[in-house]
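Engineer: Provided herewith is a single structure, encoded as structure tokens, for subsequent inquiry.
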Amino acid sequence: MALIGKIRKNSWLLVILIGMALAAFIIMDMVAGQTSAFGSDQTSMGAVAGKKLDWKEFSRAEQIQGNILYGGSGANIYGRRSLLWDYYVEEAIVSKEADELGLAIGQAELEDALFGNNLSTIITQRFRNPQTGQVDRQSLNQAKQAIEANTTDPQYREFWKIQVDEVKKERLQNKLNNLVSKAIYTPTWMVEKTHQENSNKLDFRYVKIPFDEIENSSVEVSDADFNAFLSNNKAKYVQNEETRKISYISFNVSPTSADTLAIKQSIAEKISDFRTTDNDTIFVENNYGSIDGAYVNREALADAVADDLFTAELGSVLGPYQDGNTFKAVKLLDRKVIPDSVRARHILRRATTQAEFIAAVTTIDSIKTALESGSATWDAMVQQSQDFASVPQGGDQGFAGQGKMVKPFNDMIFFEGKKGEYNTVISQFGVHLVEVMDYKFLNNEEGVKVAYISNTIVPSQETQDLIQDKALEFLATNKTLADAEAAIANDSDLELVTTPAIKRNDYIAGQLGSEETSRKIIKWAYGASTGEIAPAVYDYQDPIDLYVNKYVVAGLQSKQAAGDVSLANIRSEIEADVRKNKKGEMIKAKVNGTDFNSIVSSFTNAAIDTARNISFTSNFLPGLGSEPKVISNAFKLALNGVSQPIIGTSGVYVIQPITNANPVGELNIPQLRQQTESVVKGQVGTRLMQALVKNADVEDNRSRFY
């Protein structure tokens, strides 16, 4: 009763609560309705020609391809994602065009592209033997058998499905290319015109006055000059999509003298144990060093220890010494004269998978046992070798110099094997049974076998933390790019760097490179305001030694919408060209008359020269580079006529043709037409797809996901 009384006294509160509950119910219903209606869009990366690209499918394909093709490596993951995106975009476009044209891939054609005599380039690339450059048919047939027998692991089956789709897309795209190529026709007038432009050649004299004839300090460039240049070159700077420019201050991390001394000392402290250890291999492994079975000559050793290693006692340890960016200590394990060349023969059983290696080792062991027991001869056993090219020679590799064979084979025959012994060697080709047959000693040069322990000279964690604190302090006291510019004005150690224009899905941020951190900065920039500084300090890691090598404070310098570029956003990029153009006008004004000698006498760096055998379609002038304006003007002038000053790419020119263009003789139109068309047809493979993508309705939402 007391509760009811309180409710009656506060009925206004009850009304509000009921209203809030109803509002919440309505909002929930609206949200639920949206999720139901657009649920598939939550994982949509975009759409191409009406076909949606699903993030889950994309992500799964990326994972599978990464594991199968790249061994699970995360290196350049954004580059791989970009390639995969391009594939899905092109596949959607090709499928749509093929459907409308009635193009398809039959089962027999697909089988031929996957396993037959007309293999897809995708198959030839992925099943190419790196040593021979040819398709490894054995591996391809094994893959086919495993797929047909359903004995491959699930991930490889998924990869194969993706690969089949890639092959289908490639074949359909080839058909589209062929349709367009066969439709290309060059009319006779164009054949004649093209031949004339390619064949007509002339010589001309010229005076070149380089732009540096005028000092930069004497050239004043106004806004009017910038606007005029941009107006005359507007098409060159039109952007297809919006961009951002990011400015950043990099706080670089370098090892201090204390860091360097500590690393040197850490090596020095291990030398005594390195000298006395009874297991060099384990000691080296535990101390991140290296040991090699090869014997090396003086040229392969650091200057600091090269001479001493050839006089020191075996077991001696030299160091610590600095070799590049590393402190090392080296132990002398052995020293002997090494042959200049070795003759050996082998029996090879090829292997690429674990199962194949196990089988190959078993086969080689049985062959070795048979040879050593005398129950079989080499000539009989070599017939089992899968190095088919050497079987007719009994597996004989002839005399080979140091380093001419793959390393495991090389080290065995030069440093480990003995004449007449049978040794098993595993290499990237498979499993070898090797017999050393003979040696040649010409120079009698000694080699040494050594082991190393080493530490790379890197900044300590304390040093990294100090630089991070400096970057954090800078960020805390500078909230805008204007603040940052003012702060570094008198600090010679810091510099504000601005990237080129960056698109929404780019992953490279100028000189900062393509690390994941760069992608984070770009994503931030597309949600920031101009002049704003990012709220976090970004760190970049050394790709080899894995320490933080710089901390970055980043800000948004500018935004540029798609279409014409504003002068403010491109001013710094075109300033050199605008200044060069202004210099050109100033030089033109100083050129008096048409006499080459008098022109040269008016300038310090001007020179007279001759360009010979130049055609209208030439891209470059020998010794001058790209000068299209000069070439086009040369073909406009009459023989011995002198041009007005021409502002070129690298200077101002005055030119004079000294020969007439060659007259065109009788033409073989069919042959010339075929030559002209072959050039255009050769470009269809790339330019057709570029045109289709450019004109396709592509919705790109990748930045929502990564």
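Scheme for the structure tokens: letters A, B, ... for chains in order shown; per-chain residue numbers from 1; ligand numbers from 1 in order shown.
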Quick one: everything within 9 Å of A:Ile271, counting only C-alpha atoms, minus sequence neighbours fewer than 5 positions away in the same chain. Send it as a PyMOL selection string.
Structural biologist: chain A and resi 276+317-320+329+453
Engineer: So that I can see what lies close to A:Ala61, please list as a PyMOL selection string the residues with an atom at most 9 Å from it, counting only C-alpha atoms and leaving out residues fewer than 6 positions away in the same chain.
Structural biologist: chain A and resi 84+158-159+162
Engineer: I want to know what sits within 10 Å of A:Arg702, based on only C-alpha atoms, with residues of the same chain fewer than 2 positions away left out; could you give that as a list in words?
Structural biologist: Ser44, Met45, Gly46, Leu53, Trp55, Arg81, Ser82, Trp85, Arg504, Asn505, Glu699, Asp700, Arg704, Phe705 and Tyr706 of chain A
Engineer: For the selection just defined, write its residues with C-alpha atoms to a file, as a PDB file, in the first residue's frame.
Structural biologist:
```pdb
ATOM      1  CA  SER A  44      30.172  -6.161 -47.882  1.00  0.00           C
ATOM      2  CA  MET A  45      33.540  -4.793 -48.997  1.00  0.00           C
ATOM      3  CA  GLY A  46      31.901  -3.210 -52.000  1.00  0.00           C
ATOM      4  CA  LEU A  53      32.145  -8.580 -52.740  1.00  0.00           C
ATOM      5  CA  TRP A  55      34.560  -9.588 -46.669  1.00  0.00           C
ATOM      6  CA  ARG A  81      45.344  -7.662 -50.447  1.00  0.00           C
ATOM      7  CA  SER A  82      45.482  -5.039 -53.178  1.00  0.00           C
ATOM      8  CA  TRP A  85      40.965  -6.964 -54.565  1.00  0.00           C
ATOM      9  CA  ARG A 504      41.681   6.093 -49.095  1.00  0.00           C
ATOM     10  CA  ASN A 505      42.813   2.494 -49.609  1.00  0.00           C
ATOM     11  CA  GLU A 699      31.811   0.593 -54.898  1.00  0.00           C
ATOM     12  CA  ASP A 700      34.913   0.284 -52.732  1.00  0.00           C
ATOM     13  CA  ARG A 704      35.942  -0.323 -43.372  1.00  0.00           C
ATOM     14  CA  PHE A 705      37.772  -3.598 -42.818  1.00  0.00           C
ATOM     15  CA  TYR A 706      41.507  -2.868 -42.978  1.00  0.00           C
TER      16      TYR A 706
END
```
Engineer: Which stretch 210-265 of chain A residues have any atom within 6 Å of an atom of stretch 538-558 of chain A, and for each, what is the nearest pair of atoms with distance in Å to one decimal, counting only C-alpha atoms, rows sorted by chain and number, as CSV?
Structural biologist:
```
residue,atom,partner,partner_atom,distance
A:Arg244,CA,A:Ser558,CA,5.8
A:Lys245,CA,A:Ser558,CA,5.2
A:Ile246,CA,A:Leu556,CA,4.8
A:Ser247,CA,A:Gly555,CA,5.3
A:Tyr248,CA,A:Ala554,CA,4.2
A:Ile249,CA,A:Val553,CA,5.3
A:Ser250,CA,A:Val552,CA,4.6
A:Phe251,CA,A:Tyr551,CA,5.0
A:Asn252,CA,A:Lys550,CA,4.2
A:Val253,CA,A:Asn549,CA,4.8
```
Engineer: Hey, could you make a per-residue contact list for stretch 398-475 of chain A against stretch 122-146 of chain A with 12 Å as the cut-off, showing the nearest pair of atoms and its distance in Å to one decimal, counting only C-alpha atoms, sorted by chain and number, as a Markdown table?
Structural biologist:
```
| residue | atom | partner | partner_atom | distance |
| --- | --- | --- | --- | --- |
| A:Met405 | CA | A:Gln131 | CA | 11.9 |
| A:Val406 | CA | A:Gln131 | CA | 10.6 |
| A:Gln428 | CA | A:Gln131 | CA | 9.7 |
| A:Phe429 | CA | A:Gln131 | CA | 8.6 |
```
Engineer: Please report the interatomic distance between atom CA of A:Val431 and atom CA of A:Asp411 in Å with one decimal.
Structural biologist: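 Those two atoms sit 14.7 Å apart.
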Engineer: Just want the 9 Å neighbourhood of A:Val684, counted on only C-alpha atoms, with same-chain residues fewer than 2 positions away dropped. Output as a list in words.
Structural biologist: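 In the requested format, the answer is Asn177, Asn178, Val180, Ser181, Val680, Lys681, Gly682, Thr686, Arg687, Leu688 and Met689 of chain A.
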Engineer: Could you state the separation of atom CA of A:Gln674 and atom CA of A:Ala183 in Å, given to one decimal place?
Structural biologist: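 Distance between the two atoms: 13.1 Å.
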Engineer: Check the smallest atom-to-atom distance from each of A:Phe409, A:Tyr156, A:Tyr422, A:Tyr87 to A:Lys368 using only C-alpha atoms, then report the winner.
Structural biologist: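 Distance minimum relative to A:Lys368 lands on A:Tyr422.
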Engineer: Residues near stretch 593-607 of chain A, anyone? I mean within 12 Å using only C-alpha atoms, not counting same-chain ones fewer than 6 positions away, as an NGL selection string.
Structural biologist: :A and (205-214 or 587 or 640-645 or 651-656)
Engineer: If I take atom CA of A:Gly648 and atom CA of A:Pro628, how far is one from the other in Å, to one decimal?
Structural biologist: 7.8 Å
Engineer: What's the 8 Å shell around stretch 519-521 of chain A, counting only C-alpha atoms, without same-chain residues fewer than 3 positions away, as a list in words?
Structural biologist: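 Close residues of stretch 519-521 of chain A: Asp506, Tyr507, Ile508, Ala509, Ser514, Glu515, Glu516, Trp524, Ala525, Tyr538 and Ala554 of chain A.
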Engineer: Each residue of stretch 57-131 of chain A with at least one atom at most 12 Å from stretch 169-173 of chain A should appear once, together with its nearest atom pair and the corresponding distance in Å (one decimal); atoms considered: only C-alpha atoms; ordering: chain, then increasing residue number; output as CSV.
Structural biologist:
```
residue,atom,partner,partner_atom,distance
A:Tyr87,CA,A:Lys169,CA,9.0
A:Tyr88,CA,A:Lys169,CA,9.8
A:Val89,CA,A:Lys169,CA,11.1
A:Glu90,CA,A:Lys169,CA,8.3
A:Glu91,CA,A:Lys169,CA,5.9
A:Ala92,CA,A:Lys169,CA,9.1
A:Ile93,CA,A:Gln173,CA,9.5
A:Val94,CA,A:Gln173,CA,6.2
A:Ser95,CA,A:Lys169,CA,7.5
A:Lys96,CA,A:Leu172,CA,10.6
A:Glu97,CA,A:Leu172,CA,9.2
A:Ala98,CA,A:Leu172,CA,6.8
A:Asp99,CA,A:Leu172,CA,10.1
A:Leu101,CA,A:Leu172,CA,10.8
A:Gly102,CA,A:Leu172,CA,10.6
A:Leu103,CA,A:Leu172,CA,7.1
A:Ala104,CA,A:Leu172,CA,6.9
A:Ile105,CA,A:Leu172,CA,7.1
A:Gly106,CA,A:Arg171,CA,10.6
A:Glu109,CA,A:Arg171,CA,9.2
A:Leu110,CA,A:Arg171,CA,8.6
A:Glu111,CA,A:Arg171,CA,11.9
A:Asp112,CA,A:Arg171,CA,11.1
A:Ala113,CA,A:Arg171,CA,8.3
A:Leu114,CA,A:Arg171,CA,11.0
A:Asn118,CA,A:Arg171,CA,11.0
A:Leu119,CA,A:Arg171,CA,10.4
A:Ser120,CA,A:Glu170,CA,7.7
A:Thr121,CA,A:Glu170,CA,8.5
A:Ile122,CA,A:Glu170,CA,8.4
A:Ile123,CA,A:Glu170,CA,11.1
```
Engineer: Dump N, CA and C atoms for the selected residues as a CSV table (one decimal), in the first residue's frame?
Structural biologist:
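What landed in out-v2.csv:
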```csv
chain,number,residue,atom,x,y,z
A,87,TYR,N,41.8,-8.7,-58.4
A,87,TYR,CA,41.3,-9.9,-59.0
A,87,TYR,C,39.8,-10.0,-58.9
A,88,TYR,N,39.3,-9.7,-57.7
A,88,TYR,CA,37.8,-9.8,-57.5
A,88,TYR,C,37.1,-8.8,-58.4
A,89,VAL,N,37.6,-7.6,-58.5
A,89,VAL,CA,37.0,-6.6,-59.3
A,89,VAL,C,37.0,-7.0,-60.8
A,90,GLU,N,38.1,-7.5,-61.3
A,90,GLU,CA,38.2,-7.9,-62.7
A,90,GLU,C,37.4,-9.1,-62.9
A,91,GLU,N,37.3,-10.0,-62.0
A,91,GLU,CA,36.5,-11.3,-62.1
A,91,GLU,C,35.1,-10.9,-62.3
A,92,ALA,N,34.5,-10.0,-61.5
A,92,ALA,CA,33.1,-9.6,-61.6
A,92,ALA,C,32.9,-8.9,-63.0
A,93,ILE,N,33.8,-8.1,-63.4
A,93,ILE,CA,33.6,-7.4,-64.7
A,93,ILE,C,33.7,-8.4,-65.9
A,94,VAL,N,34.6,-9.3,-65.8
A,94,VAL,CA,34.8,-10.3,-66.9
A,94,VAL,C,33.6,-11.2,-66.9
A,95,SER,N,33.1,-11.7,-65.8
A,95,SER,CA,31.9,-12.5,-65.7
A,95,SER,C,30.7,-11.8,-66.3
A,96,LYS,N,30.5,-10.6,-66.0
A,96,LYS,CA,29.4,-9.8,-66.6
A,96,LYS,C,29.5,-9.7,-68.1
A,97,GLU,N,30.6,-9.3,-68.6
A,97,GLU,CA,30.8,-9.2,-70.0
A,97,GLU,C,30.7,-10.5,-70.7
A,98,ALA,N,31.2,-11.5,-70.1
A,98,ALA,CA,31.2,-12.9,-70.8
A,98,ALA,C,29.7,-13.4,-70.8
A,99,ASP,N,28.9,-13.1,-69.8
A,99,ASP,CA,27.5,-13.5,-69.8
A,99,ASP,C,26.8,-12.8,-70.9
A,101,LEU,N,27.9,-11.6,-73.6
A,101,LEU,CA,28.4,-12.0,-74.9
A,101,LEU,C,28.2,-13.5,-75.2
A,102,GLY,N,27.8,-14.2,-74.2
A,102,GLY,CA,27.6,-15.7,-74.4
A,102,GLY,C,28.9,-16.5,-74.4
A,103,LEU,N,29.9,-16.0,-73.7
A,103,LEU,CA,31.2,-16.7,-73.6
A,103,LEU,C,31.2,-17.6,-72.4
A,104,ALA,N,31.8,-18.7,-72.5
A,104,ALA,CA,31.9,-19.7,-71.4
A,104,ALA,C,33.1,-20.5,-71.5
A,105,ILE,N,33.4,-21.3,-70.4
A,105,ILE,CA,34.5,-22.2,-70.4
A,105,ILE,C,34.0,-23.6,-70.2
A,106,GLY,N,34.2,-24.5,-71.2
A,106,GLY,CA,33.7,-25.9,-71.1
A,106,GLY,C,34.6,-26.7,-70.2
A,109,GLU,N,37.9,-27.7,-71.9
A,109,GLU,CA,38.8,-26.6,-72.0
A,109,GLU,C,39.4,-26.3,-70.7
A,110,LEU,N,38.6,-26.4,-69.6
A,110,LEU,CA,39.1,-26.1,-68.2
A,110,LEU,C,40.2,-27.2,-67.9
A,111,GLU,N,39.9,-28.5,-68.2
A,111,GLU,CA,40.9,-29.5,-67.9
A,111,GLU,C,42.2,-29.3,-68.6
A,112,ASP,N,42.1,-28.8,-69.9
A,112,ASP,CA,43.2,-28.6,-70.7
A,112,ASP,C,44.1,-27.4,-70.0
A,113,ALA,N,43.4,-26.4,-69.5
A,113,ALA,CA,44.1,-25.3,-68.9
A,113,ALA,C,44.7,-25.7,-67.6
A,114,LEU,N,44.1,-26.6,-66.9
A,114,LEU,CA,44.7,-27.0,-65.6
A,114,LEU,C,45.8,-28.1,-65.7
A,118,ASN,N,47.7,-27.1,-73.0
A,118,ASN,CA,47.5,-25.7,-73.1
A,118,ASN,C,47.3,-25.1,-71.8
A,119,LEU,N,48.3,-25.2,-70.9
A,119,LEU,CA,48.2,-24.8,-69.5
A,119,LEU,C,48.0,-23.3,-69.4
A,120,SER,N,47.2,-22.9,-68.4
A,120,SER,CA,47.0,-21.5,-68.0
A,120,SER,C,48.3,-21.0,-67.5
A,121,THR,N,48.6,-19.7,-67.7
A,121,THR,CA,49.8,-19.1,-67.2
A,121,THR,C,49.8,-19.2,-65.6
A,122,ILE,N,48.7,-19.2,-65.0
A,122,ILE,CA,48.6,-19.3,-63.5
A,122,ILE,C,49.2,-20.6,-63.1
A,123,ILE,N,48.9,-21.7,-63.8
A,123,ILE,CA,49.4,-23.0,-63.5
A,123,ILE,C,50.9,-23.1,-63.8
```
